[in-house]
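Trainee: Input query.cif, format and content: mmCIF, C-alpha atoms (C1' of nucleotides).
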```
data_upload
loop_
_atom_site.group_PDB
_atom_site.id
_atom_site.type_symbol
_atom_site.label_atom_id
_atom_site.label_comp_id
_atom_site.auth_asym_id
_atom_site.auth_seq_id
_atom_site.Cartn_x
_atom_site.Cartn_y
_atom_site.Cartn_z
ATOM 1 C CA MET K 1 0.000 0.000 0.000
ATOM 2 C CA PRO K 2 2.319 2.674 1.018
ATOM 3 C CA GLU K 3 4.661 4.974 -0.724
ATOM 4 C CA LEU K 4 5.711 8.351 0.595
ATOM 5 C CA PRO K 5 2.355 10.142 0.100
ATOM 6 C CA GLU K 6 0.404 7.338 1.749
ATOM 7 C CA VAL K 7 2.744 7.148 4.746
ATOM 8 C CA GLU K 8 2.626 10.933 5.097
ATOM 9 C CA THR K 9 -1.175 10.813 4.930
ATOM 10 C CA VAL K 10 -1.149 8.256 7.731
ATOM 11 C CA ARG K 11 1.245 10.402 9.736
ATOM 12 C CA LEU K 12 -0.985 13.454 9.469
ATOM 13 C CA SER K 13 -4.059 11.454 10.450
ATOM 14 C CA LEU K 14 -2.298 10.215 13.580
ATOM 15 C CA LEU K 15 -1.315 13.668 14.875
ATOM 16 C CA PRO K 16 -4.240 13.627 17.350
ATOM 17 C CA ALA K 17 -2.378 10.866 19.194
ATOM 18 C CA ILE K 18 0.257 13.358 20.300
ATOM 19 C CA GLY K 19 -0.028 13.909 24.043
ATOM 20 C CA ALA K 20 -1.587 10.514 24.664
ATOM 21 C CA THR K 21 0.031 8.184 27.169
ATOM 22 C CA ILE K 22 0.628 4.564 26.231
ATOM 23 C CA THR K 23 -1.223 2.525 28.831
ATOM 24 C CA SER K 24 -0.706 -0.960 27.466
ATOM 25 C CA ALA K 25 1.079 -2.904 24.740
ATOM 26 C CA TRP K 26 -0.257 -6.062 23.114
ATOM 27 C CA ASP K 27 1.149 -8.131 20.284
ATOM 28 C CA SER K 28 -0.183 -11.072 18.334
ATOM 29 C CA ALA K 29 2.972 -13.177 18.814
ATOM 30 C CA LYS K 30 2.850 -13.619 15.064
ATOM 31 C CA GLY K 31 6.002 -12.781 13.201
ATOM 32 C CA LEU K 32 6.437 -10.482 10.248
ATOM 33 C CA HIS K 33 8.501 -11.207 7.184
ATOM 34 C CA MET K 34 11.565 -9.448 8.522
ATOM 35 C CA GLN K 35 11.067 -10.246 12.198
ATOM 36 C CA LYS K 36 10.366 -13.725 13.433
ATOM 37 C CA LYS K 37 8.726 -12.413 16.587
ATOM 38 C CA PRO K 38 7.259 -9.067 17.617
ATOM 39 C CA PRO K 39 9.658 -7.000 19.775
ATOM 40 C CA ARG K 40 7.535 -7.683 22.844
ATOM 41 C CA ALA K 41 10.050 -6.718 25.500
ATOM 42 C CA LYS K 42 10.855 -3.450 23.762
ATOM 43 C CA LEU K 43 7.179 -2.642 23.223
ATOM 44 C CA GLY K 44 6.589 -3.222 26.920
ATOM 45 C CA LYS K 45 9.166 -0.578 27.720
ATOM 46 C CA LEU K 46 6.930 2.010 26.046
ATOM 47 C CA VAL K 47 4.117 1.516 28.549
ATOM 48 C CA GLY K 48 3.828 4.717 30.568
ATOM 49 C CA ALA K 49 5.461 6.794 27.851
ATOM 50 C CA THR K 50 3.722 9.783 26.287
ATOM 51 C CA ILE K 51 3.620 10.286 22.519
ATOM 52 C CA THR K 52 5.388 13.533 21.690
ATOM 53 C CA GLY K 53 5.579 13.577 17.915
ATOM 54 C CA LEU K 54 5.299 11.780 14.604
ATOM 55 C CA ARG K 55 7.963 11.795 11.957
ATOM 56 C CA ARG K 56 8.404 10.145 8.596
ATOM 57 C CA ASN K 57 11.543 9.138 6.753
ATOM 58 C CA GLY K 58 10.818 7.784 3.302
ATOM 59 C CA LYS K 59 8.284 5.026 3.836
ATOM 60 C CA TYR K 60 9.090 4.701 7.544
ATOM 61 C CA LEU K 61 6.948 6.229 10.256
ATOM 62 C CA LEU K 62 8.449 7.144 13.633
ATOM 63 C CA VAL K 63 6.305 7.655 16.712
ATOM 64 C CA ASP K 64 8.358 9.648 19.212
ATOM 65 C CA THR K 65 7.833 9.467 22.954
ATOM 66 C CA ASP K 66 9.106 11.283 26.032
ATOM 67 C CA ARG K 67 11.434 8.343 26.568
ATOM 68 C CA PRO K 68 14.647 7.781 24.615
ATOM 69 C CA GLU K 69 12.776 5.317 22.374
ATOM 70 C CA SER K 70 10.542 5.740 19.352
ATOM 71 C CA LEU K 71 8.257 3.284 17.631
ATOM 72 C CA LEU K 72 9.370 2.517 14.063
ATOM 73 C CA VAL K 73 6.736 1.343 11.597
ATOM 74 C CA HIS K 74 6.903 0.267 7.961
ATOM 75 C CA LEU K 75 3.658 -0.644 6.243
ATOM 76 C CA GLY K 76 5.033 -3.082 3.678
ATOM 77 C CA MET K 77 2.309 -3.745 1.109
ATOM 78 C CA THR K 78 -0.792 -4.093 3.255
ATOM 79 C CA GLY K 79 0.144 -2.541 6.584
ATOM 80 C CA ARG K 80 -2.259 -0.184 8.327
ATOM 81 C CA VAL K 81 -1.992 1.988 11.397
ATOM 82 C CA ARG K 82 -5.332 2.977 12.831
ATOM 83 C CA LEU K 83 -6.215 5.270 15.709
ATOM 84 C CA HIS K 84 -9.611 4.450 17.102
ATOM 85 C CA ALA K 85 -11.703 4.066 20.235
ATOM 86 C CA ALA K 86 -10.607 1.459 22.752
ATOM 87 C CA GLY K 87 -12.664 -1.693 22.570
ATOM 88 C CA THR K 88 -13.167 -1.548 18.794
ATOM 89 C CA PRO K 89 -13.298 -5.171 17.560
ATOM 90 C CA ARG K 90 -9.785 -6.307 16.793
ATOM 91 C CA GLU K 91 -8.882 -6.449 13.143
ATOM 92 C CA LYS K 92 -8.117 -9.894 11.796
ATOM 93 C CA HIS K 93 -4.481 -9.205 11.114
ATOM 94 C CA ALA K 94 -3.688 -6.939 14.047
ATOM 95 C CA HIS K 95 -0.079 -7.421 15.138
ATOM 96 C CA VAL K 96 0.473 -4.685 17.695
ATOM 97 C CA VAL K 97 -2.018 -2.676 19.740
ATOM 98 C CA LEU K 98 -0.900 0.194 21.964
ATOM 99 C CA GLY K 99 -3.575 1.231 24.437
ATOM 100 C CA LEU K 100 -3.932 5.022 24.816
ATOM 101 C CA GLY K 101 -6.518 5.240 27.555
ATOM 102 C CA ASP K 102 -9.854 5.606 25.788
ATOM 103 C CA ARG K 103 -8.237 5.106 22.379
ATOM 104 C CA GLU K 104 -5.825 2.640 20.824
ATOM 105 C CA LEU K 105 -3.207 2.634 18.124
ATOM 106 C CA VAL K 106 -3.379 -0.544 16.032
ATOM 107 C CA PHE K 107 -0.829 -1.879 13.562
ATOM 108 C CA SER K 108 -2.240 -4.552 11.283
ATOM 109 C CA ASP K 109 -0.822 -6.183 8.186
ATOM 110 C CA ALA K 110 -2.419 -9.022 6.239
ATOM 111 C CA ARG K 111 0.595 -9.988 4.166
ATOM 112 C CA ARG K 112 3.090 -9.367 6.958
ATOM 113 C CA PHE K 113 5.618 -7.583 4.775
ATOM 114 C CA GLY K 114 5.635 -4.660 7.179
ATOM 115 C CA GLN K 115 7.899 -3.941 10.098
ATOM 116 C CA ILE K 116 7.420 -2.651 13.616
ATOM 117 C CA ASP K 117 10.202 -2.040 16.079
ATOM 118 C CA VAL K 118 11.292 0.143 18.955
ATOM 119 C CA VAL K 119 14.430 2.164 18.330
ATOM 120 C CA GLU K 120 16.600 4.370 20.457
ATOM 121 C CA ARG K 121 16.322 7.797 18.867
ATOM 122 C CA ALA K 122 19.946 8.667 19.538
ATOM 123 C CA LYS K 123 20.969 5.619 17.524
ATOM 124 C CA GLU K 124 18.160 5.454 14.994
ATOM 125 C CA LYS K 125 20.453 6.181 12.060
ATOM 126 C CA GLU K 126 22.226 2.936 12.854
ATOM 127 C CA HIS K 127 19.035 0.903 12.628
ATOM 128 C CA ALA K 128 19.199 -1.397 9.617
ATOM 129 C CA ALA K 129 15.959 0.023 8.244
ATOM 130 C CA LEU K 130 17.010 3.654 8.335
ATOM 131 C CA ALA K 131 20.726 3.362 7.689
ATOM 132 C CA GLY K 132 21.498 4.121 4.094
ATOM 133 C CA LEU K 133 18.160 5.723 3.250
ATOM 134 C CA GLY K 134 18.590 8.484 0.723
ATOM 135 C CA PRO K 135 17.121 11.964 1.083
ATOM 136 C CA ASP K 136 13.379 12.252 1.570
ATOM 137 C CA PRO K 137 11.954 14.234 -1.366
ATOM 138 C CA ILE K 138 9.501 16.137 0.823
ATOM 139 C CA VAL K 139 11.416 16.529 4.093
ATOM 140 C CA ASP K 140 14.810 17.196 2.498
ATOM 141 C CA GLY K 141 13.825 18.172 -1.032
ATOM 142 C CA ILE K 142 15.440 16.759 -4.147
ATOM 143 C CA ASP K 143 18.876 18.091 -5.042
ATOM 144 C CA ALA K 144 18.778 17.681 -8.825
ATOM 145 C CA ALA K 145 22.546 17.980 -9.183
ATOM 146 C CA ALA K 146 23.170 15.298 -6.556
ATOM 147 C CA PHE K 147 20.485 13.124 -8.149
ATOM 148 C CA TYR K 148 22.199 13.443 -11.519
ATOM 149 C CA LYS K 149 25.579 12.720 -9.985
ATOM 150 C CA ARG K 150 24.203 9.578 -8.365
ATOM 151 C CA SER K 151 23.110 8.308 -11.789
ATOM 152 C CA ARG K 152 26.623 8.473 -13.249
ATOM 153 C CA GLY K 153 27.967 5.055 -14.100
ATOM 154 C CA LYS K 154 24.646 3.378 -13.241
ATOM 155 C CA LYS K 155 23.508 0.814 -15.753
ATOM 156 C CA ALA K 156 20.262 0.168 -13.909
ATOM 157 C CA GLN K 157 17.029 1.006 -15.661
ATOM 158 C CA LEU K 158 15.511 4.322 -14.627
ATOM 159 C CA LYS K 159 12.557 2.586 -12.991
ATOM 160 C CA ALA K 160 14.878 0.560 -10.750
ATOM 161 C CA PHE K 161 17.086 3.589 -10.153
ATOM 162 C CA ILE K 162 14.305 5.734 -8.712
ATOM 163 C CA LEU K 163 12.907 2.818 -6.705
ATOM 164 C CA ASP K 164 16.287 2.473 -5.013
ATOM 165 C CA GLN K 165 15.644 3.824 -1.507
ATOM 166 C CA THR K 166 19.285 4.840 -1.139
ATOM 167 C CA VAL K 167 18.853 7.242 -4.067
ATOM 168 C CA LEU K 168 15.606 8.784 -2.826
ATOM 169 C CA ALA K 169 13.590 7.523 0.122
ATOM 170 C CA GLY K 170 9.902 7.131 -0.519
ATOM 171 C CA VAL K 171 9.351 6.545 -4.238
ATOM 172 C CA GLY K 172 7.468 3.300 -4.890
ATOM 173 C CA ASN K 173 6.007 1.408 -7.791
ATOM 174 C CA ILE K 174 3.058 3.688 -8.615
ATOM 175 C CA TYR K 175 4.906 6.996 -8.493
ATOM 176 C CA ALA K 176 7.923 5.598 -10.339
ATOM 177 C CA SER K 177 5.730 4.945 -13.383
ATOM 178 C CA GLU K 178 3.947 8.274 -12.935
ATOM 179 C CA ALA K 179 7.136 10.345 -12.643
ATOM 180 C CA LEU K 180 8.693 8.689 -15.689
ATOM 181 C CA TRP K 181 5.582 9.431 -17.715
ATOM 182 C CA LEU K 182 5.529 13.048 -16.564
ATOM 183 C CA SER K 183 9.175 13.530 -17.500
ATOM 184 C CA LYS K 184 8.686 11.665 -20.819
ATOM 185 C CA LEU K 185 11.366 9.116 -20.026
ATOM 186 C CA ARG K 186 11.126 5.412 -20.865
ATOM 187 C CA PRO K 187 11.303 3.223 -17.717
ATOM 188 C CA THR K 188 13.828 0.931 -19.405
ATOM 189 C CA LYS K 189 16.243 3.740 -20.192
ATOM 190 C CA ARG K 190 19.551 3.262 -18.392
ATOM 191 C CA ALA K 191 20.310 5.736 -15.624
ATOM 192 C CA HIS K 192 23.737 6.638 -17.008
ATOM 193 C CA ARG K 193 21.995 7.898 -20.155
ATOM 194 C CA LEU K 194 20.443 10.761 -18.236
ATOM 195 C CA THR K 195 21.767 14.219 -18.988
ATOM 196 C CA ALA K 196 21.905 16.977 -16.421
ATOM 197 C CA LYS K 197 18.771 18.337 -18.064
ATOM 198 C CA THR K 198 16.728 15.118 -18.190
ATOM 199 C CA ALA K 199 17.830 14.249 -14.651
ATOM 200 C CA GLU K 200 16.490 17.571 -13.492
ATOM 201 C CA ALA K 201 13.224 16.981 -15.345
ATOM 202 C CA LEU K 202 12.878 13.599 -13.661
ATOM 203 C CA ALA K 203 13.662 15.034 -10.231
ATOM 204 C CA GLN K 204 11.079 17.735 -10.823
ATOM 205 C CA ALA K 205 8.511 15.158 -11.978
ATOM 206 C CA ILE K 206 9.044 13.045 -8.865
ATOM 207 C CA ASP K 207 8.435 16.112 -6.752
ATOM 208 C CA VAL K 208 5.238 17.034 -8.612
ATOM 209 C CA VAL K 209 3.847 13.495 -8.576
ATOM 210 C CA LEU K 210 4.456 13.059 -4.835
ATOM 211 C CA ARG K 211 3.034 16.463 -3.915
ATOM 212 C CA THR K 212 -0.033 15.957 -6.069
ATOM 213 C CA SER K 213 -0.731 12.659 -4.387
ATOM 214 C CA LEU K 214 -0.200 14.217 -0.972
ATOM 215 C CA GLU K 215 -2.842 16.832 -1.770
ATOM 216 C CA ASN K 216 -5.188 13.972 -2.637
ATOM 217 C CA HIS K 217 -4.379 12.033 0.558
ATOM 218 C CA GLY K 218 -2.629 9.228 -1.292
ATOM 219 C CA THR K 219 -3.637 6.542 -3.756
ATOM 220 C CA SER K 220 -6.048 3.836 -2.611
ATOM 221 C CA LEU K 221 -5.585 1.005 -5.061
ATOM 222 C CA ARG K 222 -7.032 -1.672 -2.836
ATOM 223 C CA ASP K 223 -5.839 -1.644 0.778
ATOM 224 C CA PHE K 224 -4.712 1.826 1.656
ATOM 225 C CA VAL K 225 -6.541 3.815 4.326
ATOM 226 C CA ASP K 226 -5.272 6.462 6.732
ATOM 227 C CA GLY K 227 -5.353 6.369 10.519
ATOM 228 C CA ASP K 228 -9.069 7.161 10.496
ATOM 229 C CA GLY K 229 -9.867 4.519 7.900
ATOM 230 C CA ALA K 230 -10.339 7.044 5.086
ATOM 231 C CA GLU K 231 -9.227 6.260 1.522
ATOM 232 C CA GLY K 232 -7.190 8.663 -0.604
ATOM 233 C CA SER K 233 -8.461 10.013 -3.912
ATOM 234 C CA ASN K 234 -5.255 10.131 -5.938
ATOM 235 C CA TYR K 235 -6.132 7.027 -7.954
ATOM 236 C CA ASP K 236 -8.368 9.241 -10.086
ATOM 237 C CA TYR K 237 -5.391 11.428 -10.964
ATOM 238 C CA LEU K 238 -2.977 8.697 -12.061
ATOM 239 C CA LYS K 239 -1.910 9.108 -15.680
ATOM 240 C CA VAL K 240 -0.514 5.653 -16.441
ATOM 241 C CA TYR K 241 -0.512 3.326 -13.434
ATOM 242 C CA ASP K 242 -3.263 0.719 -13.776
ATOM 243 C CA ARG K 243 -4.329 2.431 -17.030
ATOM 244 C CA LYS K 244 -3.332 -0.260 -19.536
ATOM 245 C CA GLY K 245 -5.036 0.281 -22.885
ATOM 246 C CA GLN K 246 -6.383 3.687 -21.972
ATOM 247 C CA PRO K 247 -5.331 6.666 -24.110
ATOM 248 C CA CYS K 248 -2.262 8.595 -23.006
ATOM 249 C CA ALA K 249 -3.341 11.956 -21.582
ATOM 250 C CA ARG K 250 -0.768 13.667 -23.821
ATOM 251 C CA CYS K 251 -0.871 11.834 -27.142
ATOM 252 C CA LYS K 252 -3.801 9.354 -27.014
ATOM 253 C CA THR K 253 -1.595 6.308 -27.651
ATOM 254 C CA PRO K 254 -2.851 3.364 -25.569
ATOM 255 C CA ILE K 255 -0.892 2.973 -22.340
ATOM 256 C CA ARG K 256 1.214 -0.171 -22.233
ATOM 257 C CA ARG K 257 1.897 -2.450 -19.282
ATOM 258 C CA THR K 258 5.104 -4.404 -18.906
ATOM 259 C CA ILE K 259 7.019 -6.162 -16.154
ATOM 260 C CA LEU K 260 10.335 -4.727 -14.968
ATOM 261 C CA GLN K 261 12.247 -6.328 -12.102
ATOM 262 C CA GLY K 262 9.136 -8.367 -11.501
ATOM 263 C CA ARG K 263 6.872 -5.361 -11.051
ATOM 264 C CA ALA K 264 4.068 -3.908 -13.137
ATOM 265 C CA THR K 265 5.274 -0.886 -15.076
ATOM 266 C CA TYR K 266 3.108 1.433 -17.166
ATOM 267 C CA PHE K 267 4.231 3.844 -19.859
ATOM 268 C CA CYS K 268 3.279 5.526 -23.099
ATOM 269 C CA PRO K 269 5.234 3.945 -25.967
ATOM 270 C CA THR K 270 4.950 7.131 -28.032
ATOM 271 C CA CYS K 271 5.831 10.043 -25.794
ATOM 272 C CA GLN K 272 8.247 8.293 -23.454
ATOM 273 C CA ALA K 273 11.315 8.042 -25.656
ATOM 274 C CA PRO K 274 13.433 4.881 -25.354
ATOM 275 C "C1'" DA F 1 30.216 -4.101 -6.938
ATOM 276 C "C1'" DT F 2 25.828 -4.088 -9.875
ATOM 277 C "C1'" DC F 3 21.926 -5.902 -11.396
ATOM 278 C "C1'" DA F 4 17.772 -8.969 -11.974
ATOM 279 C "C1'" DC F 5 15.109 -12.390 -9.923
ATOM 280 C "C1'" DG F 6 12.719 -15.306 -6.590
ATOM 281 C "C1'" DA F 7 10.983 -15.542 -2.018
ATOM 282 C "C1'" DC F 8 8.272 -13.940 1.630
ATOM 283 C "C1'" DC F 9 2.428 -13.872 2.768
ATOM 284 C "C1'" DT F 10 -2.695 -13.260 2.349
ATOM 285 C "C1'" DG F 11 -6.812 -12.064 -0.023
ATOM 286 C "C1'" DG F 12 -9.526 -10.167 -3.814
ATOM 287 C "C1'" DA F 13 -10.885 -10.420 -8.649
ATOM 288 C "C1'" DG F 14 -11.917 -12.761 -12.692
ATOM 289 C "C1'" DG F 15 -12.379 -16.977 -15.618
ATOM 290 C "C1'" DC F 16 -14.701 -21.351 -16.143
ATOM 291 C "C1'" DT U 1 -21.506 -21.601 -5.429
ATOM 292 C "C1'" DG U 2 -16.595 -23.201 -5.913
ATOM 293 C "C1'" DC U 3 -12.088 -23.945 -7.584
ATOM 294 C "C1'" DC U 4 -8.064 -22.162 -10.009
ATOM 295 C "C1'" DT U 5 -4.945 -18.720 -11.539
ATOM 296 C "C1'" DC U 6 -3.244 -14.259 -11.428
ATOM 297 C "C1'" DC U 7 -2.300 -10.073 -9.240
ATOM 298 C "C1'" DA U 8 -1.015 -6.617 -5.522
ATOM 299 C "C1'" DG U 9 1.634 0.718 -2.996
ATOM 300 C "C1'" DG U 10 7.910 -3.580 -0.503
ATOM 301 C "C1'" DT U 11 12.288 -5.387 0.632
ATOM 302 C "C1'" DC U 12 15.836 -8.785 1.180
ATOM 303 C "C1'" DG U 13 19.004 -12.540 -0.131
ATOM 304 C "C1'" DT U 14 20.934 -14.956 -3.861
ATOM 305 C "C1'" DG U 15 23.728 -15.823 -7.771
ATOM 306 C "C1'" DA U 16 25.307 -14.382 -12.245
#
```
Would you put the structure from the file into structure tokens?
Mentor:
Amino acid sequence: MPELPEVETVRLSLLPAIGATITSAWDSAKGLHMQKKPPRAKLGKLVGATITGLRRNGKYLLVDTDRPESLLVHLGMTGRVRLHAAGTPREKHAHVVLGLGDRELVFSDARRFGQIDVVERAKEKEHAALAGLGPDPIVDGIDAAAFYKRSRGKKAQLKAFILDQTVLAGVGNIYASEALWLSKLRPTKRAHRLTAKTAEALAQAIDVVLRTSLENHGTSLRDFVDGDGAEGSNYDYLKVYDRKGQPCARCKTPIRRTILQGRATYFCPTCQAP
DNA sequence: ATCACGACCTGGAGGC
DNA sequence: TGCCTCCAGGTCGTGA
């Protein structure tokens, strides 16, 4: 479900949790793909802590507390974080529930590709998940010159290049296709073929595509909802993703779907030059 | 070192 | 209805 705009939408919807005190911690005992067991002992250490802030780094969400630790959450493909009244029937795939008095914060994830952990803020940059993340396009902005420099000598296809979280943190499969369409670049083009000018156009397109989606509260393809359970409306504004066969918004050529690195990729064969 | 691919899971949609 | 196949907003480990 979640790329940068979706995670940011979740973050904003959870802001009302700031000031709440964590009164209990429950976990399902079920593992996630990257963790065999929930970090039960560490979660327990958060009981009594007060939530002081919410941050986002790429696709990672950080729930800060008045203790030295923060909760780190990644939504994987189907992860959800919901803030709702205590006593709400437990979702089928709930993995962690933090009681907040009369409310609760619930992390659920059907496919279990997500991650949840407790990190020491002072050392968070050393956490495997956050170490090596590239700049966040919204928090840090995109430095077009640095982006271009990073592409030098890279034989990877542009689609793979912009999905690389060490290049930019937060771009995922939908917005990769969208940004390449907007900048008129073919997803299979090799990164080292970028020029300073086309690299800048791509950087600019990534920025536009992410900000547009943010304004629309993210793209709800199938699973995505924010902390209140609301869907985003950005699906209606996608130009190519999930639009196979539909006319290109620029030139009317039917949009094509292909598989790159095992992932669905959409592009216009006419206006996205090879 | 790079790069491309399969694996990890569950559930919804569509075909028959 | 039910069964089968395909597909999905991510990331990691492997092997070429």
Trainee: Which residues match the PyMOL selection byres ((chain F and resi 3) around 9) in the file above, as a list in words?
Mentor: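 So the PyMOL selection byres ((chain F and resi 3) around 9), applied here, picks out Lys155 and Ala156 of chain K; DT2 and DA4 of chain F.
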Trainee: Could the residues in this selection be saved with C-alpha atoms (C1' of nucleotides) as a PDB file, in the coordinates of the input?
Mentor:
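This went into again_33.pdb:
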```
ATOM      1  CA  LYS K 155      23.508   0.814 -15.753  1.00  0.00           C
ATOM      2  CA  ALA K 156      20.262   0.168 -13.909  1.00  0.00           C
TER       3      ALA K 156
ATOM      4  C1'  DT F   2      25.828  -4.088  -9.875  1.00  0.00           C
ATOM      5  C1'  DA F   4      17.772  -8.969 -11.974  1.00  0.00           C
TER       6       DA F   4
END
```
Trainee: Write out as a PyMOL selection string every residue belonging to chain F that has an atom at most 10 Å from any atom of chain K, counting all atoms listed in the file.
Mentor: chain F and resi 2-6+8-12
Trainee: Quick one: apply the PyMOL selection byres ((chain K and resi 84) around 6) to the file and drop the selected residues here as a list of chain:residue names.
Mentor: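 Here the PyMOL selection byres ((chain K and resi 84) around 6) matches K:Leu83, K:Ala85, K:Arg103, K:Glu104.
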Trainee: What is the atom CA of Val73 of chain K-atom CA of Thr212 of chain K distance in Å, reported with one decimal?
Mentor: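 Going from atom CA of Val73 of chain K over to atom CA of Thr212 of chain K, I get 23.9 Å.
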Trainee: For the PyMOL selection byres ((chain K and resi 27) around 12), applied here, can you spell out every residue it catches as a count of residues only?
Mentor: 30
Trainee: With 12 Å as the cut-off and only C-alpha atoms (C1' of nucleotides) counted, what is the closest atom pair between each nearby residue of chain U and chain K? Distances in Å to one decimal, ordered by chain and number, as a Markdown table.
Mentor:
```
| residue | atom | partner | partner_atom | distance |
| --- | --- | --- | --- | --- |
| U:DC7 | C1' | K:Ala264 | CA | 9.7 |
| U:DA8 | C1' | K:Met77 | CA | 8.0 |
| U:DG9 | C1' | K:Met1 | CA | 3.5 |
| U:DG10 | C1' | K:Gly76 | CA | 5.1 |
| U:DT11 | C1' | K:Phe113 | CA | 8.2 |
| U:DC12 | C1' | K:Met34 | CA | 8.5 |
| U:DG13 | C1' | K:Met34 | CA | 11.8 |
```
Trainee: Set the distance at 10 Å and use all atoms listed in the file: which residues neighbour segment 1-5 of chain U once local chain neighbours fewer than 4 positions away are removed? I'd like the list as a list of chain:residue names.
Mentor: F:DG14, F:DG15, F:DC16
